[in-house]
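S.K.: As input, take work-v5.pdb (PDB, C-alpha atoms):
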ATOM      1  CA  MET A 376       2.917 -52.365   7.282  1.00  0.00           C
ATOM      2  CA  LYS A 377       4.196 -55.831   8.134  1.00  0.00           C
ATOM      3  CA  PRO A 378       1.809 -58.808   8.290  1.00  0.00           C
ATOM      4  CA  GLY A 379       0.158 -59.041  11.708  1.00  0.00           C
ATOM      5  CA  GLN A 380       1.183 -55.496  12.627  1.00  0.00           C
ATOM      6  CA  THR A 381      -1.544 -53.149  13.872  1.00  0.00           C
ATOM      7  CA  GLN A 382      -1.810 -49.832  12.054  1.00  0.00           C
ATOM      8  CA  ARG A 383      -0.857 -46.902  14.222  1.00  0.00           C
ATOM      9  CA  THR A 384      -3.747 -44.401  14.281  1.00  0.00           C
ATOM     10  CA  PRO A 385      -2.834 -41.407  16.440  1.00  0.00           C
ATOM     11  CA  TRP A 386      -4.572 -38.305  17.656  1.00  0.00           C
ATOM     12  CA  ILE A 387      -2.885 -35.241  16.202  1.00  0.00           C
ATOM     13  CA  VAL A 388      -2.389 -32.572  18.864  1.00  0.00           C
ATOM     14  CA  GLY A 389      -1.566 -29.071  17.694  1.00  0.00           C
ATOM     15  CA  VAL A 390      -0.334 -26.450  20.157  1.00  0.00           C
ATOM     16  CA  SER A 391      -0.609 -22.876  18.871  1.00  0.00           C
ATOM     17  CA  GLY A 392       0.734 -19.646  20.325  1.00  0.00           C
ATOM     18  CA  ALA A 393      -2.184 -18.701  22.584  1.00  0.00           C
ATOM     19  CA  SER A 394      -1.730 -18.608  26.338  1.00  0.00           C
ATOM     20  CA  GLY A 395      -2.753 -21.913  27.880  1.00  0.00           C
ATOM     21  CA  THR A 396       0.076 -24.425  27.557  1.00  0.00           C
ATOM     22  CA  PRO A 397      -1.107 -26.161  30.786  1.00  0.00           C
ATOM     23  CA  TYR A 398      -4.301 -27.086  28.905  1.00  0.00           C
ATOM     24  CA  ALA A 399      -2.231 -28.758  26.196  1.00  0.00           C
ATOM     25  CA  ALA A 400      -0.132 -30.607  28.772  1.00  0.00           C
ATOM     26  CA  ALA A 401      -3.258 -31.919  30.515  1.00  0.00           C
ATOM     27  CA  VAL A 402      -4.736 -33.143  27.229  1.00  0.00           C
ATOM     28  CA  LEU A 403      -1.482 -34.852  26.241  1.00  0.00           C
ATOM     29  CA  ARG A 404      -1.122 -36.593  29.602  1.00  0.00           C
ATOM     30  CA  ALA A 405      -4.717 -37.838  29.495  1.00  0.00           C
ATOM     31  CA  LEU A 406      -4.380 -39.136  25.937  1.00  0.00           C
ATOM     32  CA  LEU A 407      -1.232 -41.044  26.844  1.00  0.00           C
ATOM     33  CA  ASP A 408      -2.786 -42.358  30.060  1.00  0.00           C
ATOM     34  CA  ALA A 409      -5.677 -43.654  27.945  1.00  0.00           C
ATOM     35  CA  GLY A 410      -3.204 -45.597  25.820  1.00  0.00           C
ATOM     36  CA  GLU A 411      -3.636 -43.382  22.766  1.00  0.00           C
ATOM     37  CA  SER A 412      -0.913 -42.651  20.233  1.00  0.00           C
ATOM     38  CA  VAL A 413      -0.129 -38.970  19.698  1.00  0.00           C
ATOM     39  CA  ASP A 414       1.350 -36.986  16.838  1.00  0.00           C
ATOM     40  CA  LEU A 415       2.499 -33.644  18.233  1.00  0.00           C
ATOM     41  CA  ILE A 416       2.851 -30.344  16.367  1.00  0.00           C
ATOM     42  CA  ILE A 417       4.087 -27.356  18.348  1.00  0.00           C
ATOM     43  CA  SER A 418       3.980 -24.093  16.408  1.00  0.00           C
ATOM     44  CA  ARG A 419       6.824 -21.613  16.422  1.00  0.00           C
ATOM     45  CA  ALA A 420       4.730 -19.070  18.315  1.00  0.00           C
ATOM     46  CA  SER A 421       3.732 -21.623  20.947  1.00  0.00           C
ATOM     47  CA  ARG A 422       7.380 -22.181  21.831  1.00  0.00           C
ATOM     48  CA  LEU A 423       7.572 -18.579  22.974  1.00  0.00           C
ATOM     49  CA  THR A 424       4.429 -19.033  25.054  1.00  0.00           C
ATOM     50  CA  LEU A 425       5.751 -22.284  26.507  1.00  0.00           C
ATOM     51  CA  LEU A 426       9.009 -20.566  27.467  1.00  0.00           C
ATOM     52  CA  ASP A 427       7.111 -17.668  29.026  1.00  0.00           C
ATOM     53  CA  GLU A 428       4.622 -19.815  30.958  1.00  0.00           C
ATOM     54  CA  THR A 429       6.943 -22.637  32.069  1.00  0.00           C
ATOM     55  CA  GLY A 430      10.535 -21.574  31.471  1.00  0.00           C
ATOM     56  CA  ILE A 431      10.981 -24.601  29.186  1.00  0.00           C
ATOM     57  CA  SER A 432      12.736 -24.083  25.867  1.00  0.00           C
ATOM     58  CA  PHE A 433      11.319 -26.641  23.409  1.00  0.00           C
ATOM     59  CA  ARG A 434      14.155 -27.793  21.136  1.00  0.00           C
ATOM     60  CA  ASP A 435      13.762 -29.891  17.990  1.00  0.00           C
ATOM     61  CA  ALA A 436      16.904 -31.907  18.681  1.00  0.00           C
ATOM     62  CA  HIS A 437      15.814 -32.650  22.266  1.00  0.00           C
ATOM     63  CA  TRP A 438      12.040 -32.637  21.906  1.00  0.00           C
ATOM     64  CA  ASP A 439      11.526 -35.879  23.835  1.00  0.00           C
ATOM     65  CA  GLU A 440      13.455 -34.595  26.855  1.00  0.00           C
ATOM     66  CA  ASP A 441      11.735 -31.193  26.765  1.00  0.00           C
ATOM     67  CA  LEU A 442       8.295 -32.759  26.333  1.00  0.00           C
ATOM     68  CA  ARG A 443       8.849 -35.021  29.306  1.00  0.00           C
ATOM     69  CA  GLU A 444       9.878 -32.052  31.471  1.00  0.00           C
ATOM     70  CA  TRP A 445       6.843 -30.061  30.315  1.00  0.00           C
ATOM     71  CA  LEU A 446       4.307 -32.814  30.950  1.00  0.00           C
ATOM     72  CA  ALA A 447       5.737 -33.511  34.393  1.00  0.00           C
ATOM     73  CA  ARG A 448       4.875 -29.957  35.517  1.00  0.00           C
ATOM     74  CA  GLY A 449       1.598 -29.038  37.149  1.00  0.00           C
ATOM     75  CA  ALA A 450      -0.548 -26.128  36.029  1.00  0.00           C
ATOM     76  CA  ASP A 451       1.041 -24.094  38.832  1.00  0.00           C
ATOM     77  CA  GLY A 452       4.460 -24.627  37.232  1.00  0.00           C
ATOM     78  CA  LYS A 453       5.756 -26.989  39.927  1.00  0.00           C
ATOM     79  CA  PRO A 454       8.246 -29.490  38.430  1.00  0.00           C
ATOM     80  CA  GLY A 455       7.835 -33.207  39.014  1.00  0.00           C
ATOM     81  CA  THR A 456       4.099 -33.028  39.739  1.00  0.00           C
ATOM     82  CA  PHE A 457       3.292 -35.874  37.351  1.00  0.00           C
ATOM     83  CA  ASP A 458       5.139 -39.123  36.676  1.00  0.00           C
ATOM     84  CA  ILE A 459       5.617 -39.336  32.916  1.00  0.00           C
ATOM     85  CA  GLN A 460       6.435 -42.717  31.439  1.00  0.00           C
ATOM     86  CA  SER A 461       7.682 -43.400  27.912  1.00  0.00           C
ATOM     87  CA  ARG A 462       4.650 -43.495  25.604  1.00  0.00           C
ATOM     88  CA  ASP A 463       3.811 -43.426  21.897  1.00  0.00           C
ATOM     89  CA  VAL A 464       4.484 -39.853  20.796  1.00  0.00           C
ATOM     90  CA  ARG A 465       5.742 -38.755  17.380  1.00  0.00           C
ATOM     91  CA  TYR A 466       6.865 -35.163  16.977  1.00  0.00           C
ATOM     92  CA  TRP A 467       6.596 -33.239  13.709  1.00  0.00           C
ATOM     93  CA  HIS A 468       8.324 -29.918  13.030  1.00  0.00           C
ATOM     94  CA  PRO A 469       5.758 -27.166  12.281  1.00  0.00           C
ATOM     95  CA  GLY A 470       7.575 -26.196   9.092  1.00  0.00           C
ATOM     96  CA  ASP A 471       7.586 -29.737   7.675  1.00  0.00           C
ATOM     97  CA  LEU A 472       4.808 -29.612   5.095  1.00  0.00           C
ATOM     98  CA  ALA A 473       5.877 -33.041   3.832  1.00  0.00           C
ATOM     99  CA  ALA A 474       5.135 -34.599   7.235  1.00  0.00           C
ATOM    100  CA  GLY A 475       2.646 -37.424   7.621  1.00  0.00           C
ATOM    101  CA  PRO A 476      -0.275 -35.315   8.949  1.00  0.00           C
ATOM    102  CA  SER A 477      -0.123 -33.091   5.853  1.00  0.00           C
ATOM    103  CA  SER A 478      -1.763 -35.836   3.789  1.00  0.00           C
ATOM    104  CA  GLY A 479      -5.260 -37.244   3.967  1.00  0.00           C
ATOM    105  CA  SER A 480      -3.871 -40.737   3.378  1.00  0.00           C
ATOM    106  CA  TYR A 481      -2.021 -40.548   6.688  1.00  0.00           C
ATOM    107  CA  PRO A 482      -4.148 -42.369   9.275  1.00  0.00           C
ATOM    108  CA  SER A 483      -5.365 -40.450  12.301  1.00  0.00           C
ATOM    109  CA  LYS A 484      -8.363 -40.421  14.638  1.00  0.00           C
ATOM    110  CA  GLY A 485      -8.651 -36.663  14.376  1.00  0.00           C
ATOM    111  CA  MET A 486      -6.998 -33.508  15.665  1.00  0.00           C
ATOM    112  CA  LEU A 487      -7.143 -31.447  18.840  1.00  0.00           C
ATOM    113  CA  ILE A 488      -5.833 -27.866  18.762  1.00  0.00           C
ATOM    114  CA  VAL A 489      -5.113 -26.876  22.362  1.00  0.00           C
ATOM    115  CA  PRO A 490      -4.892 -23.963  22.868  1.00  0.00           C
ATOM    116  CA  ALA A 491      -6.003 -22.357  19.611  1.00  0.00           C
ATOM    117  CA  SER A 492      -5.017 -18.740  19.047  1.00  0.00           C
ATOM    118  CA  THR A 493      -7.191 -16.384  17.005  1.00  0.00           C
ATOM    119  CA  GLY A 494      -4.498 -16.396  14.335  1.00  0.00           C
ATOM    120  CA  CYS A 495      -4.628 -20.184  14.184  1.00  0.00           C
ATOM    121  CA  VAL A 496      -8.428 -20.091  14.062  1.00  0.00           C
ATOM    122  CA  ALA A 497      -8.313 -17.640  11.150  1.00  0.00           C
ATOM    123  CA  GLY A 498      -5.730 -19.682   9.259  1.00  0.00           C
ATOM    124  CA  VAL A 499      -7.714 -22.907   9.567  1.00  0.00           C
ATOM    125  CA  ALA A 500     -11.049 -21.238   8.771  1.00  0.00           C
ATOM    126  CA  LEU A 501      -9.582 -19.636   5.638  1.00  0.00           C
ATOM    127  CA  GLY A 502      -7.688 -22.770   4.608  1.00  0.00           C
ATOM    128  CA  LEU A 503      -4.334 -20.982   4.518  1.00  0.00           C
ATOM    129  CA  SER A 504      -2.171 -23.987   5.521  1.00  0.00           C
ATOM    130  CA  LYS A 505       0.763 -21.673   6.237  1.00  0.00           C
ATOM    131  CA  ASP A 506       2.379 -24.287   8.497  1.00  0.00           C
ATOM    132  CA  LEU A 507       1.946 -27.958   9.378  1.00  0.00           C
ATOM    133  CA  LEU A 508      -0.504 -27.240  12.192  1.00  0.00           C
ATOM    134  CA  GLN A 509      -2.894 -25.409   9.881  1.00  0.00           C
ATOM    135  CA  ARG A 510      -2.385 -27.923   7.073  1.00  0.00           C
ATOM    136  CA  ALA A 511      -3.110 -30.869   9.384  1.00  0.00           C
ATOM    137  CA  ALA A 512      -6.308 -29.166  10.557  1.00  0.00           C
ATOM    138  CA  SER A 513      -7.401 -28.562   6.956  1.00  0.00           C
ATOM    139  CA  VAL A 514      -6.732 -32.221   6.154  1.00  0.00           C
ATOM    140  CA  THR A 515      -8.733 -33.281   9.208  1.00  0.00           C
ATOM    141  CA  LEU A 516     -11.710 -31.246   8.006  1.00  0.00           C
ATOM    142  CA  LYS A 517     -11.578 -32.459   4.421  1.00  0.00           C
ATOM    143  CA  GLU A 518     -11.331 -36.077   5.552  1.00  0.00           C
ATOM    144  CA  ARG A 519     -14.353 -35.558   7.845  1.00  0.00           C
ATOM    145  CA  ARG A 520     -12.398 -36.520  10.949  1.00  0.00           C
ATOM    146  CA  LYS A 521     -12.924 -35.008  14.381  1.00  0.00           C
ATOM    147  CA  LEU A 522     -11.424 -31.560  14.858  1.00  0.00           C
ATOM    148  CA  VAL A 523     -11.663 -29.899  18.274  1.00  0.00           C
ATOM    149  CA  VAL A 524     -10.565 -26.266  18.452  1.00  0.00           C
ATOM    150  CA  ALA A 525     -10.009 -25.055  22.025  1.00  0.00           C
ATOM    151  CA  VAL A 526      -9.928 -21.329  21.358  1.00  0.00           C
ATOM    152  CA  ARG A 527      -8.260 -19.274  24.110  1.00  0.00           C
ATOM    153  CA  GLU A 528      -8.865 -15.553  23.793  1.00  0.00           C
ATOM    154  CA  THR A 529     -11.031 -12.882  25.393  1.00  0.00           C
ATOM    155  CA  PRO A 530     -12.809 -10.783  24.365  1.00  0.00           C
ATOM    156  CA  LEU A 531     -13.639 -12.119  20.901  1.00  0.00           C
ATOM    157  CA  ASN A 532     -14.187  -9.667  18.066  1.00  0.00           C
ATOM    158  CA  GLY A 533     -16.632 -10.102  15.207  1.00  0.00           C
ATOM    159  CA  GLN A 534     -13.995 -11.322  12.772  1.00  0.00           C
ATOM    160  CA  THR A 535     -12.894 -14.160  15.043  1.00  0.00           C
ATOM    161  CA  LEU A 536     -16.510 -15.058  15.815  1.00  0.00           C
ATOM    162  CA  ARG A 537     -17.175 -15.361  12.084  1.00  0.00           C
ATOM    163  CA  HIS A 538     -14.129 -17.607  11.712  1.00  0.00           C
ATOM    164  CA  LEU A 539     -15.417 -19.803  14.544  1.00  0.00           C
ATOM    165  CA  VAL A 540     -18.816 -20.088  12.865  1.00  0.00           C
ATOM    166  CA  THR A 541     -17.025 -21.106   9.670  1.00  0.00           C
ATOM    167  CA  LEU A 542     -15.218 -23.868  11.553  1.00  0.00           C
ATOM    168  CA  ASP A 543     -18.466 -25.019  13.137  1.00  0.00           C
ATOM    169  CA  ASP A 544     -20.128 -25.108   9.705  1.00  0.00           C
ATOM    170  CA  ALA A 545     -17.193 -27.180   8.418  1.00  0.00           C
ATOM    171  CA  GLY A 546     -17.770 -29.806  11.102  1.00  0.00           C
ATOM    172  CA  ALA A 547     -15.274 -28.778  13.775  1.00  0.00           C
ATOM    173  CA  THR A 548     -16.133 -28.591  17.470  1.00  0.00           C
ATOM    174  CA  VAL A 549     -15.438 -25.085  18.779  1.00  0.00           C
ATOM    175  CA  LEU A 550     -14.598 -25.439  22.465  1.00  0.00           C
ATOM    176  CA  PRO A 551     -13.645 -22.251  24.339  1.00  0.00           C
ATOM    177  CA  ALA A 552     -11.063 -22.832  27.068  1.00  0.00           C
ATOM    178  CA  SER A 553     -13.605 -21.870  29.723  1.00  0.00           C
ATOM    179  CA  PRO A 554     -13.224 -23.589  33.126  1.00  0.00           C
ATOM    180  CA  ALA A 555     -16.303 -24.404  35.209  1.00  0.00           C
ATOM    181  CA  PHE A 556     -16.590 -24.504  38.995  1.00  0.00           C
ATOM    182  CA  TYR A 557     -19.387 -27.012  39.650  1.00  0.00           C
ATOM    183  CA  ALA A 558     -16.906 -29.899  39.673  1.00  0.00           C
ATOM    184  CA  GLY A 559     -15.487 -28.725  42.995  1.00  0.00           C
ATOM    185  CA  ALA A 560     -12.221 -27.135  41.892  1.00  0.00           C
ATOM    186  CA  THR A 561      -9.817 -26.375  44.733  1.00  0.00           C
ATOM    187  CA  HIS A 562      -6.619 -25.909  42.719  1.00  0.00           C
ATOM    188  CA  ILE A 563      -5.558 -24.384  39.418  1.00  0.00           C
ATOM    189  CA  GLN A 564      -4.915 -27.917  38.172  1.00  0.00           C
ATOM    190  CA  ASP A 565      -8.601 -28.763  38.683  1.00  0.00           C
ATOM    191  CA  LEU A 566      -9.669 -25.881  36.458  1.00  0.00           C
ATOM    192  CA  THR A 567      -7.092 -26.840  33.847  1.00  0.00           C
ATOM    193  CA  ASP A 568      -8.179 -30.479  33.908  1.00  0.00           C
ATOM    194  CA  PHE A 569     -11.816 -29.484  33.445  1.00  0.00           C
ATOM    195  CA  VAL A 570     -11.045 -27.796  30.128  1.00  0.00           C
ATOM    196  CA  ALA A 571      -8.797 -30.686  29.065  1.00  0.00           C
ATOM    197  CA  GLY A 572     -11.539 -33.123  30.011  1.00  0.00           C
ATOM    198  CA  ARG A 573     -14.113 -31.299  27.920  1.00  0.00           C
ATOM    199  CA  VAL A 574     -11.722 -31.442  24.951  1.00  0.00           C
ATOM    200  CA  LEU A 575     -11.429 -35.200  25.393  1.00  0.00           C
ATOM    201  CA  ASP A 576     -15.208 -35.504  25.812  1.00  0.00           C
ATOM    202  CA  ALA A 577     -15.616 -33.855  22.411  1.00  0.00           C
ATOM    203  CA  ALA A 578     -13.079 -36.282  20.966  1.00  0.00           C
ATOM    204  CA  GLY A 579     -14.741 -39.311  22.546  1.00  0.00           C
ATOM    205  CA  VAL A 580     -11.728 -40.293  24.660  1.00  0.00           C
ATOM    206  CA  GLU A 581     -12.422 -41.684  28.124  1.00  0.00           C
ATOM    207  CA  HIS A 582     -10.796 -39.961  31.089  1.00  0.00           C
ATOM    208  CA  THR A 583     -11.230 -39.154  34.777  1.00  0.00           C
ATOM    209  CA  LEU A 584     -10.010 -35.554  34.735  1.00  0.00           C
ATOM    210  CA  TYR A 585     -13.013 -33.971  36.423  1.00  0.00           C
ATOM    211  CA  ARG A 586     -16.096 -34.844  38.425  1.00  0.00           C
ATOM    212  CA  ARG A 587     -19.172 -34.927  36.224  1.00  0.00           C
ATOM    213  CA  TRP A 588     -22.502 -33.319  36.967  1.00  0.00           C
ATOM    214  CA  GLU A 589     -24.890 -35.858  38.492  1.00  0.00           C
ATOM    215  CA  GLY A 590     -27.965 -33.682  38.901  1.00  0.00           C
ATOM    216  CA  GLU A 591     -27.481 -32.889  42.583  1.00  0.00           C
ATOM    217  CA  LEU A 592     -26.998 -29.336  43.768  1.00  0.00           C
ATOM    218  CA  GLY A 593     -24.027 -28.834  46.075  1.00  0.00           C
ATOM    219  CA  GLY A 594     -22.136 -31.790  44.663  1.00  0.00           C
ATOM    220  CA  GLY A 595     -19.191 -29.604  43.748  1.00  0.00           C
ATOM    221  CA  SER A 596     -18.667 -28.641  47.385  1.00  0.00           C
ATOM    222  CA  ARG A 597     -18.232 -32.234  48.522  1.00  0.00           C
ATOM    223  CA  PRO A 598     -14.694 -33.619  48.851  1.00  0.00           C
ATOM    224  CA  THR A 599     -13.689 -36.023  46.101  1.00  0.00           C
TER
END
Since I need it in another form, could you write the structure as structure tokens?

M.R.:
Amino acid sequence: MKPGQTQRTPWIVGVSGASGTPYAAAVLRALLDAGESVDLIISRASRLTLLDETGISFRDAHWDEDLREWLARGADGKPGTFDIQSRDVRYWHPGDLAAGPSSGSYPSKGMLIVPASTGCVAGVALGLSKDLLQRAASVTLKERRKLVVAVRETPLNGQTLRHLVTLDDAGATVLPASPAFYAGATHIQDLTDFVAGRVLDAAGVEHTLYRRWEGELGGGSRPT
């Protein structure tokens, strides 16, 4: 690092193959809007989900263009819903086990896995490190940094529940992608933003994605 230069300390965002790519998009937009740096890892399986849910084919050689198109879409799939400006994002290929996030000496604020599939949960809980996403999560745990795992599956069997308890015991925050309705949701984007907002709450990142509970019944029915 050059003299006078500020060390880049990003949030690592891992996107696994579970359904729920709009959750990941909402988290990424909010992080960038908050002025945070982001290191992005998109698993091989999640590319299939992204293609299925949005029609976007995420390509390594054109990741910046594809990411911009993805983040501009609303949760309902409508293109051009959000205005995406150029921000500090670094993309790492999921098969690159020599990437920065694979080492504990690589600086980061922590990691958010959104959404987290049961396979991803199992891999991280067992310390398999079969790809960069799992390796980065293992590094985050061993370095005692924040790890938020937004698991997206239903119903959950006993094996997955045991894996989630293991992650909780290791210091991770297990955050089911479970939307709430008290914030006055009127659109699918509101429900998506609620989950994304709870992920950022767990990470300690400020945002305005949803209306918070203020102790007054009926508040969710009032217009924002």

S.K.: With 7 Å as the cut-off and all atoms listed in the file counted, what is the closest atom pair between each nearby residue of region 380-475 of chain A and region 502-509 of chain A? Distances in Å to one decimal, ordered by chain and number, as JSON lines.

M.R.:
{"residue": "A:Gly389", "atom": "CA", "partner": "A:Leu508", "partner_atom": "CA", "distance": 5.9}
{"residue": "A:Ile416", "atom": "CA", "partner": "A:Leu508", "partner_atom": "CA", "distance": 6.2}
{"residue": "A:Ser418", "atom": "CA", "partner": "A:Leu508", "partner_atom": "CA", "distance": 6.9}
{"residue": "A:Pro469", "atom": "CA", "partner": "A:Leu507", "partner_atom": "CA", "distance": 4.9}
{"residue": "A:Gly470", "atom": "CA", "partner": "A:Asp506", "partner_atom": "CA", "distance": 5.6}
{"residue": "A:Asp471", "atom": "CA", "partner": "A:Leu507", "partner_atom": "CA", "distance": 6.2}
{"residue": "A:Leu472", "atom": "CA", "partner": "A:Leu507", "partner_atom": "CA", "distance": 5.4}

S.K.: Where does the PyMOL selection byres ((chain A and resi 529) around 12) land in this file, that is, which residues does it pick, as a ChimeraX atom specification?

M.R.: /A:393-394,492-493,526-528,530-533,535-536,551-553

S.K.: Convert the current residue selection to file output with C-alpha atoms, as a short mmCIF file (atom, residue, chain, number, x, y, z; two decimals), in the frame of the given file.

M.R.:
data_model
loop_
_atom_site.label_atom_id
_atom_site.label_comp_id
_atom_site.auth_asym_id
_atom_site.auth_seq_id
_atom_site.Cartn_x
_atom_site.Cartn_y
_atom_site.Cartn_z
CA ALA A 393 -2.18 -18.70 22.58
CA SER A 394 -1.73 -18.61 26.34
CA SER A 492 -5.02 -18.74 19.05
CA THR A 493 -7.19 -16.38 17.00
CA VAL A 526 -9.93 -21.33 21.36
CA ARG A 527 -8.26 -19.27 24.11
CA GLU A 528 -8.86 -15.55 23.79
CA PRO A 530 -12.81 -10.78 24.36
CA LEU A 531 -13.64 -12.12 20.90
CA ASN A 532 -14.19 -9.67 18.07
CA GLY A 533 -16.63 -10.10 15.21
CA THR A 535 -12.89 -14.16 15.04
CA LEU A 536 -16.51 -15.06 15.82
CA PRO A 551 -13.64 -22.25 24.34
CA ALA A 552 -11.06 -22.83 27.07
CA SER A 553 -13.60 -21.87 29.72
#

S.K.: Could you list the residues chosen by the PyMOL selection byres ((chain A and resi 424) around 8) in this structure as a PyMOL selection string?

M.R.: chain A and resi 392-394+396+420-423+425-428

S.K.: Output as a tab-separated table one row per residue of region 408-441 of chain A within 12 Å of region 561-582 of chain A: the closest atom pair and its distance in Å to one decimal place, counting only C-alpha atoms, sorted by chain and residue number ascending.

M.R.:
residue	atom	partner	partner_atom	distance
A:Asp408	CA	A:His582	CA	8.4
A:Ala409	CA	A:Glu581	CA	7.0
A:Gly410	CA	A:Val580	CA	10.1
A:Glu411	CA	A:Val580	CA	8.9
A:Ser412	CA	A:Val580	CA	11.9

S.K.: Looking at A:Ala497, A:Ile459, A:Ala555, A:Val524, which one is nearest to Gly485 (chain A), with distances taken over only C-alpha atoms?

M.R.: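 Nearest candidate to Gly485 (chain A) out of A:Ala497, A:Ile459, A:Ala555, A:Val524: A:Val524.
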
S.K.: Could you check the closest approach to Tyr557 (chain A) for each of A:Ala545, A:Gly452, A:Val540, A:Glu591 and tell me which residue wins, using all atoms listed in the file?

M.R.: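 So, comparing all the options, the nearest one is A:Glu591.
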
S.K.: In Å, how far is it from CA of Arg519 (chain A) to CA of Pro554 (chain A)?

M.R.: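 It comes out at 28.0 Å.
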